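K.L.:
Take a look at this one; I'll ask things after.
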Amino acid sequence: MPRTILEVKQKIEYLSILNDKAEVDKALEPKLTNEQLKHMYTYMLMARRADERFLNLQRQGRIGTFPQTTGHEAISMGASMALKKSDWHVPAYRELAGMLHRGWTLVDQLLLWAGYEQGQSPPNGVNDLPICVPIASQLLHAAGIGMAMNIKGDKHAVVTYLGDGATSEGDCHEAFNFAAVFKAPVVFVCNNNQWAISVPLSRQMGCETVAQKAIAYGMPGIRVDGNDVLAVYAAVHEAVERARAGGGPTLVECLTFRIVAHTTADDPKKYQKEETRKEWAAKEPLIRFAKYLRDKGILNDEVQKQIDAEIETTIRDAIAKMDEKIKTDELANPLYTFDYLYAEIPPFLQKQRDELAHYLGKDKESSSKQPNHAHAGSH
Amino acid sequence: MPRTILEVKQKIEYLSILNDKAEVDKALEPKLTNEQLKHMYTYMLMARRADERFLNLQRQGRIGTFPQTTGHEAISMGASMALKKSDWHVPAYRELAGMLHRGWTLVDQLLLWAGYEQGQSPPNGVNDLPICVPIASQLLHAAGIGMAMNIKGDKHAVVTYLGDGATSEGDCHEAFNFAAVFKAPVVFVCNNNQWAISVPLSRQMGCETVAQKAIAYGMPGIRVDGNDVLAVYAAVHEAVERARAGGGPTLVECLTFRIVAHTTADDPKKYQKEETRKEWAAKEPLIRFAKYLRDKGILNDEVQKQIDAEIETTIRDAIAKMDEKIKTDELANPLYTFDYLYAEIPPFLQKQRDELAHYLGKDKESSSKQPNHAHAGSH
Amino acid sequence: MAEMNMAKAINKALYEAMERDSRVVVLGEDVGQDEGVFRVTEGLWAKFGDKRVMDTPLAEAGIVGTSIGMAIYGLRPVCEIQFAGFDYFAYHQLESHAARFRNRTRGRLSVPMVMRAPSGGGIRALEHHSESREGTYAHTPGLKVVIPSGPRNARALLHAAIQDPDPVIYYEPKALYRLFKEEVPDEIEVMPLGQAKVVQEGKGITLISYGACMRATLEAAEMLEEEDGVKPEIIDLLSIVPLDMDTVCKSVQKTGRAVVISEEPRYCSVASEVSSQLNDTVFLYLEAPVRRVTGFDTPIPFFSKEKYYIPDAERVLMACRETLSF
Amino acid sequence: MAEMNMAKAINKALYEAMERDSRVVVLGEDVGQDEGVFRVTEGLWAKFGDKRVMDTPLAEAGIVGTSIGMAIYGLRPVCEIQFAGFDYFAYHQLESHAARFRNRTRGRLSVPMVMRAPSGGGIRALEHHSESREGTYAHTPGLKVVIPSGPRNARALLHAAIQDPDPVIYYEPKALYRLFKEEVPDEIEVMPLGQAKVVQEGKGITLISYGACMRATLEAAEMLEEEDGVKPEIIDLLSIVPLDMDTVCKSVQKTGRAVVISEEPRYCSVASEVSSQLNDTVFLYLEAPVRRVTGFDTPIPFFSKEKYYIPDAERVLMACRETLSF
Ligand SMILES: Cc1ncc(C[n+]2csc(CCOP(=O)(O)OP(=O)(O)O)c2C)c(N)n1
Ligand SMILES: Cc1ncc(C[n+]2csc(CCOP(=O)(O)OP(=O)(O)O)c2C)c(N)n1
Ligand SMILES: [Mg+2]
Ligand SMILES: [Mg+2]
């Protein structure tokens with residue numbers, strides 16, 4: 001009868017494989033080929049360089065506000081590497097490296113930040129949702145995709161992302177809970193960068209780790225070093241395997257720190273300590289990963305040069321392609337605003353389209369353009 | 001570097017004081033006077049009898065659908081007993097016993113179920129919100145009240161209630177989190193009756209207890225026997241004391257079982273096993289509490305008779321009073337529909353009021369009635 | 001042909017749709033073993049099982065949000081919100097995602113889902129159980145909104161909604177669930193969305209309504225004919241979005257007068273929209289202002305007073321007379 | 001008197017209100033040390049401290065729901081939703097509780113709170129950062145809705161909103177934050193809610209608008225006067241609820257023609273409501289249909305195309321000419 005301790009089943013673990021001195025825990029080192037490791041490095045670096053270049057474009061007014069991803073590359077790179085093409089990938093907005101790996105292009109991203117819906121249109125054959133602006137709301141879509149996989153008996157998995165701030169939203173809770181109740185094959189990857197714009201972790205939650213929130217849903221939870229791409233990969237890989245085998249969702253917390261501004265509109269000097277930022281900047285994922293690759297003989301000055309050149313070309317081409325695309329009728333014509341809302345434009349919208357055409361003196365063009373993408377729903 | 005277990009600070013406990021054989025754990029027995037214990041018994045029984053009588057009224061069509069509270073009496077009774085008048089009480093809708101203790105009357109409840117807003121108007125001097133229909137939404141109000149107490153430096157506490165189903169709502173999560181982050185003096189009392197209408201606990205959450213959800217918020221969580229009014233009282237009392245002392249919120253899970261229909265519109269035979277219901281019915285809170293009081297010499301046949309008579313009178317008077325009130329202009333006049341929406345009726349609503357008056361042939365009465373309650377905001 | 005009430009007709013449509021298309025799944029609170037609090041999902045769980053008929057946790061954003069994911073993955077979710085008064089909990093998912101995915105991705109991803117919810121008053125229910133807020137969804141670009149008025153069109157419209165490639169809000173006027181029966185054909189009927197129905201041809205005035213208010217409208221029309229000798233033209237909108245203003249305008253061009261009847265709060269309502277568009281489109285034909293007979297701009301009162309809020313035949317009749325004698 | 005932009009004027013009102021009334025508290029995402037993503041809460045945290053200026057967790061329903069609790073307890077919360085496009089997350093709390101507590105409890109409990117949010121387009125922002133959906137709130141009984149159009153009225157209306165005993169939605173047209181400056185008096189001004197302002201007396205046509213669209217409206221009015229010799233009457237609604245239709249109707253009785261300009265989607269919009277009420281109230285004075293110049297019934301496009309969506313002076317002018325030549 002008296003007071004007793006109730007046993008809680010879930011144990012929360014912490015995982016680190018490649019530490020900030022680039023020392024690797026051999027026992028835990030994941031089985032990735034040299035090819036794969038080089039690919040990961042290249043895409044992480046591409047994301048980093050793109051981030052820097054986008055910032056310039058933003059300062060020049062050629063694109064609008066965007067969220068930087070510098071320092072976060074290990075998270076989406078490690079997580080997305082654990083997926084097959086047939087799995088699904090549901091990003092938030094700091095997953096540039098992972099999105100590039102999944103098949104999105106820098107042109108897509110540039111168009112998005114330049115204010116074109118076309119940048120949100122997933123490339124052919126890519127099972128991804130586009131980035132999501134309303135915080136945590138995409139987590140429910142990921143849960144639903146996972147539930148649908150179960151219903152259809154598909155043995156796929158879904159990886160989706162959230163920030164530490166996102167954990168506060170009701171949608172996050174409902175997504176965790178639906179996934180857990182329906183044993184949906186979803187891996188929730190939390191980028192805990194310890195800030196939600198200016199709000200620090202301690203103002204975001206009363207608990208010490210994001211991982212322990214998994215206990216509230218009866219799902220496994222693990223915290224990993226979010227600057228360690230090997231640890232992220234290993235943890236997500238394990239979770240994906242479990243998910244595919246019917247073991248339901250997992251929460252993977254990736255601990256890192258936002259060493260850049262929240263977006264190009266933000267000034268972290270107002271609320272962040274310079275020294276903490278610097279401390280964490282020293283632990284960022286690329287330095288240690290490069291060293292690891294050099295130690296393994298995968299990377300050397302020569303290879304690095306090649307990669308740099310490749311990236312430079314990719315970025316330059318992407319910017320040129322953006323400029324080109326923006327000029328095409330497809331992107332330039334404001335009348336197409338009306339053409340993708342419904343599968344078929346209803347009469348009342350056609351009237352509004354005509355109204356705009358009339359205003360633009362484009363009455364002749366006012367007939368409706370048919371959306372040129374096939375409809376989804378054929379999986 | 002390798003995989004390690006992360007220590008989680010919160011330990012989840014289980015508490016039972018008066019078991020279903022009416023055996024009491026002397027070491028844990030709370031310090032309640034005979035007076036108080038009798039009061040608790042009387043109000044629990046009043047809620048029980050009212051429930052039965054309301055059901056008759058509902059079957060006769062004199063009131064509408066309402067949620068029964070039979071079997072849940074220990075929860076709100078135990079919890080509300082832990083409060084002072086100056087504390088706040090924020091019910092869901094199965095807290096009749098506690099509401100009566102706080103100062104609401106059976107007339108209020110009857111008017112509510114008969115379709116009158118007047119039944120939701122807190123009695124003078126009672127720091128309670130009325131019952132809340134949209135599940136879990138009131139938890140945020142409780143959190144806000146607690147935050148306001150902190151802001152004003154008031155050393156009060158708030159008790160609020162939720163069901164097991166309510167734990168799934170985003171609002172529940174946000175309320176737990178706000179309370180935890182702001183260390184609001186709130187006790188979340190969960191009536192885990194294992195059903196949300198027809199949905200069993202296993203479809204509601206992936207974890208084994210509601211109490212362990214506290215870990216996700218870094219707040220203390222405890223599970224108690226929800227049919228044991230002493231355990232509920234003790235757990236909530238401890239939590240209230242901690243809250244007042246600046247220790248923040250607590251989650252108290254009260255484990256019970258819904259041995260009645262969800263509401264008068266529901267038929268549990270469709271989804272519940274008769275035998276489980278019967279097993280739990282044997283453990284309901286009044287039997288054991290009556291036996292405990294008899295063992296203590298507080299209750300005997302004589303006293304029971306007195307209490308029965310008192311309750312009978314109270315219920316009969318309440319029904320008569322409802323019938324009376326319904327006939328007064330205050331309740332009967334449909335024009336007052338417009339008079340309480342804003343502190344002052346704006347011209348556009350006055351026009352709509354006039355429109356209804358005109359339709360009712362009451363044009364002469366169309367001048368606006370001034371709300372006769374003082375405004376709140378004077379705490 | 002079989003006679004059935006609206007609850008049964010909706011149930012029939014769900015059953016048929018699930019039988020013919022394995023992508024159709026049903027989810028919501030208490031839709032499974034309990035068969036829905038209004039028994040609208042009767043028999044589905046027994047027939048199609050736990051995978052296709054899912055009782056969900058108690059979370060409306062969760063229900064709608066996961067439905068969006070399922071729809072994107074290729075299913076055709078038909079989710080139920082237990083009462084329309086609780087769909088606000090999911091409004092952000094509808095506005096920000098269901099309504100936008102096709103547009104946001106330039107047609108690459110789409111959300112073919114239906115959100116069903118019993119709406120409206122008239123059944124002596126608790127607070128939040130009697131709301132009519134279709135205006136909110138009509139003001140939300142990217143959704144379709146459908147409200148049936150009887151068993152036969154309820155079934156035919158639900159089939160259309162489920163087959164529609166875009167998200168549809170399907171509000172079920174709960175006061176009509178068991179109010180009357182109609183013959184419903186054996187073979188599946190599909191009514192195109194976006195078409196209003198001229199329920200009665202007439203002269204001198206057009207009554208425009210939908211959903212439960214069609215009852216008061218029809219009743220008022222009878223009284224008007226009997227007592228005043230005016231046989232009004234009557235239009236049942238059926239779809240709120242797309243709104244078939246062609247049919248409405250054609251009628252009012254003929255009659256010159258119009259009364260719009262709906263149960264919602266008046267400000268920025270569907271009635272306001274119809275009135276505004278009539279003014280815009282057939283201005284020169286109007287012989288009297290377009291009258292709106294609607295709920296008031298208060299929450300619908302607790303049930304002892306709801307009858308004063310919901311337009312009844314008398315209120316419609318009064319508006320007709322005022323319009324006719326303008 | 002001091003010259004300031006609208007962001008500063010709102011900031012000033014917040015500062016003043018907090019200074020004169022200790023019950024006023026400010027909460028929201030990034031309103032504290034960061035001083036708001038638009039710097040509207042500048043200086044407040046430094047001056048009034050962590051208890052009265054609260055950075056909250058990232059949860060809109062949480063922000064609004066706890067504000068309701070605080071208001072009931074006796075505080076005067078002014079909460080900020082970072083962008084209006086995210087207030088849908090809190091819509092159920094506004095609809096089901098903020099708007100209802102007074103009515104539900106027959107005046108016993110009330111919710112004197114303000115929900116501020118930057119709304120509207122025009123700043124090259126990401127998706128969901130440019131929404132104008134005041135129509136949704138106007139369709140929600142029990143709320144008041146205010147939208148200023150310049151520094152001076154922004155400050156005076158915010159004071160009124162904070163002092164109001166009922167919940168007020170205060171939308172800040174973010175395109176105006178830094179667009180222009182105005183003289184703002186030193187002493188506190190309070191403008192009554194529910195009063196529109198005749199910004200310019202004129203003849204032949206009335207232009208009715210509010211918020212950011214006042215800019216296009218004023219510009220169009222100038223062009224109309226210059227190019228067509230018609231000096232329109234111009235009304236700034238300021239309050240959407242209560243809506244001052246007396247002022248609007250009086251003007252249109254005089255001019256006989258009206259154009260309503262707003263940035264929202266058109267269906268069931270504030271523009272629809274104004275048009276519908278004009279038709280209802282001053283029917284016999286109307287010489288042309290009331291034209292609505294609004295956003296379209298699509299989500300506002302990503303920023304490369306937003307300028308085609310947001311009414312500009314040319315579009316207003318075109319509607320004026322069509323109305324004048326009807
Ligand atoms: C529903 C919603 N509320 C507010 C915002 C504005 N906002 C954008 S990012 C952000 C902080 C997110 O923090 P976190 O989840 O930790 O992700 P991070 O940016 O740190 O990666 C906020 C408040 C939003 N986009 N959506
Ligand atoms: C937001 C919302 N969704 C749905 C409902 C309908 N509903 C009323 S009670 C209930 C079940 C509640 O279950 P639980 O929280 O366990 O409380 P219990 O009734 O068992 O005490 C549901 C689904 C509601 N009232 N509010
Ligand atoms: Mg973060
Ligand atoms: Mg329950």
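Quick note on naming: the chains in the structure tokens go A, B, ... in the order shown, residues restart at 1 in each chain, and ligands are numbered from 1 in order of appearance.
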Just want the 12 Å neighbourhood of Ala27 (chain B), counted on only C-alpha atoms, with same-chain residues fewer than 6 positions away dropped. Output as a PDB file with C-alpha atoms, in the first residue's frame.

P.N.:
```
ATOM      1  CA  MET A   1       0.000   0.000   0.000  1.00  0.00           C
ATOM      2  CA  PRO A   2       2.618   2.598   0.853  1.00  0.00           C
ATOM      3  CA  ARG A   3       4.510   4.917  -1.454  1.00  0.00           C
TER       4      ARG A   3
ATOM      5  CA  SER B  16      -2.344   4.232  -1.960  1.00  0.00           C
ATOM      6  CA  ILE B  17      -3.506   4.842   1.600  1.00  0.00           C
ATOM      7  CA  LEU B  18      -6.974   3.342   1.931  1.00  0.00           C
ATOM      8  CA  ALA B 234      -2.438  13.467   0.414  1.00  0.00           C
TER       9      ALA B 234
END
```

K.L.:
What residues of the protein or nucleic acid chains come within 8 Å of ligand 1 when you use only C-alpha atoms and all ligand atoms? Reply as number ranges by chain.

P.N.:
A: 67, 93-94, 133-137, 162-167, 169, 191-197, 258, 262; D: 29-30, 58-60, 81-83, 86-87, 89, 128

K.L.:
Restricted to N, CA and C atoms, what would the selected residues look like written as a CSV table (one decimal), in the first residue's frame?

P.N.:
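Done, and the output landed in out-v9.csv:
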```csv
chain,number,residue,atom,x,y,z
A,67,PRO,N,16.9,30.9,-43.4
A,67,PRO,CA,17.6,30.4,-42.2
A,67,PRO,C,18.9,29.8,-42.6
A,93,TYR,N,13.6,23.2,-41.6
A,93,TYR,CA,14.2,24.2,-42.5
A,93,TYR,C,15.7,24.3,-42.3
A,94,ARG,N,16.3,23.5,-41.5
A,94,ARG,CA,17.8,23.6,-41.4
A,94,ARG,C,18.4,22.3,-41.8
A,133,VAL,N,7.4,25.9,-42.8
A,133,VAL,CA,7.6,27.1,-42.0
A,133,VAL,C,6.9,27.1,-40.7
A,134,PRO,N,5.6,26.7,-40.6
A,134,PRO,CA,4.9,26.7,-39.3
A,134,PRO,C,5.5,25.6,-38.4
A,135,ILE,N,6.1,26.0,-37.4
A,135,ILE,CA,6.9,25.2,-36.5
A,135,ILE,C,6.2,23.9,-36.1
A,136,ALA,N,6.8,22.8,-36.2
A,136,ALA,CA,6.3,21.5,-35.7
A,136,ALA,C,5.1,20.9,-36.5
A,137,SER,N,4.5,21.7,-37.4
A,137,SER,CA,3.3,21.3,-38.0
A,137,SER,C,3.5,20.1,-39.0
A,162,LEU,N,12.8,18.4,-36.2
A,162,LEU,CA,12.3,19.5,-35.4
A,162,LEU,C,13.4,20.2,-34.6
A,163,GLY,N,13.1,21.4,-34.2
A,163,GLY,CA,14.1,22.1,-33.3
A,163,GLY,C,13.7,21.9,-31.9
A,164,ASP,N,14.6,22.4,-31.0
A,164,ASP,CA,14.3,22.4,-29.6
A,164,ASP,C,13.0,23.3,-29.3
A,165,GLY,N,12.9,24.4,-30.0
A,165,GLY,CA,11.7,25.2,-29.8
A,165,GLY,C,10.5,24.5,-30.2
A,166,ALA,N,10.6,23.7,-31.3
A,166,ALA,CA,9.4,23.0,-31.8
A,166,ALA,C,8.8,22.0,-30.8
A,167,THR,N,9.6,21.6,-29.9
A,167,THR,CA,9.1,20.6,-28.9
A,167,THR,C,7.9,21.2,-28.1
A,169,GLU,N,5.4,23.0,-29.1
A,169,GLU,CA,4.1,23.1,-29.9
A,169,GLU,C,3.2,21.9,-29.6
A,191,ASN,N,16.9,18.7,-33.7
A,191,ASN,CA,18.1,19.5,-33.7
A,191,ASN,C,18.0,20.4,-32.5
A,192,ASN,N,18.6,20.0,-31.4
A,192,ASN,CA,18.6,20.8,-30.2
A,192,ASN,C,19.8,21.7,-30.3
A,193,ASN,N,19.6,22.9,-30.9
A,193,ASN,CA,20.7,23.9,-31.0
A,193,ASN,C,20.6,24.9,-29.9
A,194,GLN,N,19.8,24.5,-28.9
A,194,GLN,CA,19.7,25.3,-27.6
A,194,GLN,C,19.1,26.7,-27.7
A,195,TRP,N,18.7,27.0,-28.9
A,195,TRP,CA,18.0,28.3,-29.1
A,195,TRP,C,16.8,28.2,-30.0
A,196,ALA,N,15.8,29.0,-29.7
A,196,ALA,CA,14.7,29.2,-30.6
A,196,ALA,C,14.7,30.7,-30.8
A,197,ILE,N,15.2,31.1,-31.9
A,197,ILE,CA,15.6,32.5,-32.1
A,197,ILE,C,16.3,33.0,-30.8
A,258,ARG,N,23.5,26.8,-32.0
A,258,ARG,CA,23.3,27.6,-33.2
A,258,ARG,C,24.4,28.6,-33.2
A,262,HIS,N,19.8,33.2,-36.3
A,262,HIS,CA,18.6,32.4,-36.6
A,262,HIS,C,18.3,32.4,-38.1
D,29,GLU,N,6.7,35.1,-28.1
D,29,GLU,CA,8.0,34.6,-28.5
D,29,GLU,C,9.0,35.7,-28.9
D,30,ASP,N,10.1,35.8,-28.2
D,30,ASP,CA,11.1,36.7,-28.5
D,30,ASP,C,10.8,38.2,-28.2
D,58,LEU,N,7.7,28.2,-27.4
D,58,LEU,CA,7.1,28.4,-28.8
D,58,LEU,C,5.8,27.6,-29.0
D,59,ALA,N,4.7,28.3,-28.6
D,59,ALA,CA,3.4,27.6,-28.6
D,59,ALA,C,2.3,28.7,-28.6
D,60,GLU,N,1.7,28.9,-29.7
D,60,GLU,CA,0.7,30.0,-29.8
D,60,GLU,C,-0.5,29.7,-28.9
D,81,ILE,N,1.6,37.4,-31.1
D,81,ILE,CA,1.9,36.2,-31.9
D,81,ILE,C,2.8,36.8,-33.0
D,82,GLN,N,3.9,36.0,-33.2
D,82,GLN,CA,5.0,36.6,-33.9
D,82,GLN,C,4.6,37.1,-35.3
D,83,PHE,N,3.8,36.3,-36.0
D,83,PHE,CA,3.2,36.7,-37.3
D,83,PHE,C,1.7,36.2,-37.3
D,86,PHE,N,0.5,32.7,-37.9
D,86,PHE,CA,0.6,31.6,-36.9
D,86,PHE,C,-0.5,31.7,-35.8
D,87,ASP,N,-1.4,32.6,-35.9
D,87,ASP,CA,-2.4,32.7,-34.9
D,87,ASP,C,-3.5,31.7,-35.0
D,89,PHE,N,-2.9,28.7,-34.9
D,89,PHE,CA,-2.6,27.7,-33.9
D,89,PHE,C,-3.3,28.0,-32.5
D,128,HIS,N,3.6,32.1,-45.0
D,128,HIS,CA,2.9,32.2,-43.7
D,128,HIS,C,3.3,33.5,-43.0
```

K.L.:
Based on the backbone DSSP call, show me all residues of region 72-316 of chain A assigned strand (DSSP E), as an MDAnalysis selection string.

P.N.:
chainID A and resid 88:90 158:163 186:192 195:196 199:200 221:225 250:255

K.L.:
List every residue of chain C that has an atom at most 7 Å from any atom of chain B, and for each one report the closest atom pair and its distance in Å to one decimal, counting only C-alpha atoms, with rows sorted by chain and then by increasing residue number, as a tab-separated table.

P.N.:
```
residue	atom	partner	partner_atom	distance
C:Asp30	CA	B:Ser198	CA	5.7
C:Gln33	CA	B:Tyr271	CA	6.3
C:Asp34	CA	B:Ser198	CA	6.0
C:Asp55	CA	B:Val199	CA	6.9
C:Thr56	CA	B:Arg203	CA	6.8
C:Pro57	CA	B:Gln204	CA	4.7
C:Leu58	CA	B:Ser168	CA	5.5
C:Ala59	CA	B:Glu169	CA	4.7
C:Phe86	CA	B:Pro134	CA	6.9
C:Arg124	CA	B:Gly64	CA	6.3
C:Ala125	CA	B:Thr65	CA	6.7
C:Glu127	CA	B:Val133	CA	6.9
C:Phe296	CA	B:Gln352	CA	6.7
C:Asp297	CA	B:Leu349	CA	6.9
C:Thr298	CA	B:Phe338	CA	6.8
C:Pro301	CA	B:Thr337	CA	6.7
C:Phe302	CA	B:Gly115	CA	4.9
C:Phe303	CA	B:Gly115	CA	4.7
C:Ser304	CA	B:Gly115	CA	4.7
C:Lys305	CA	B:Pro334	CA	6.1
C:Tyr308	CA	B:Pro334	CA	6.9
C:Arg315	CA	B:Tyr359	CA	7.0
```

K.L.:
From the set A:Ile12, A:Ala97, A:Ala243, A:Leu106, which residue has the shortest atom-to-atom contact distance to chain B, counting only C-alpha atoms?

P.N.:
A:Ile12

K.L.:
Leaving out region 220-230 of chain C and any residue of its chain fewer than 2 positions from it, which residues lie within 10 Å of it when counting only C-alpha atoms, given as a list in words?

P.N.:
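My list of contacting residues is Gln200, Gly202, Lys203, Gly204, Ile205, Thr206, Leu207, Met214, Arg215, Ala216, Thr217, Leu218, Pro232, Glu233, Ile234, Asp312, Ala313, Glu314, Arg315, Val316, Leu317, Met318, Ala319, Cys320, Arg321 and Leu324 of chain C.
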
K.L.:
Which distance in Å separates CA of Ser110 (chain D) and CA of Arg76 (chain D), to one decimal?

P.N.:
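Atom-to-atom, CA of Ser110 (chain D) and CA of Arg76 (chain D) are spaced 10.9 Å apart.
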
K.L.:
Quick one: residues within 8 Å of Gly103 (chain B), only C-alpha atoms, excluding same-chain residues fewer than 3 positions away - as a compact mmCIF listing (two decimals) with N, CA and C atoms, in the first residue's frame?

P.N.:
```
# COMPACT_ATOMS: atom_id res chain seq x y z
N MET B 99 -16.72 20.54 -6.94
CA MET B 99 -17.37 21.83 -7.20
C MET B 99 -18.37 22.17 -6.10
N LEU B 100 -19.10 21.18 -5.63
CA LEU B 100 -20.04 21.43 -4.54
C LEU B 100 -19.27 21.87 -3.30
N PRO B 123 -20.41 31.17 -8.35
CA PRO B 123 -21.04 31.87 -7.22
C PRO B 123 -20.09 32.93 -6.67
N VAL B 126 -16.30 32.67 -5.10
CA VAL B 126 -15.72 31.36 -5.41
C VAL B 126 -14.69 31.52 -6.52
```
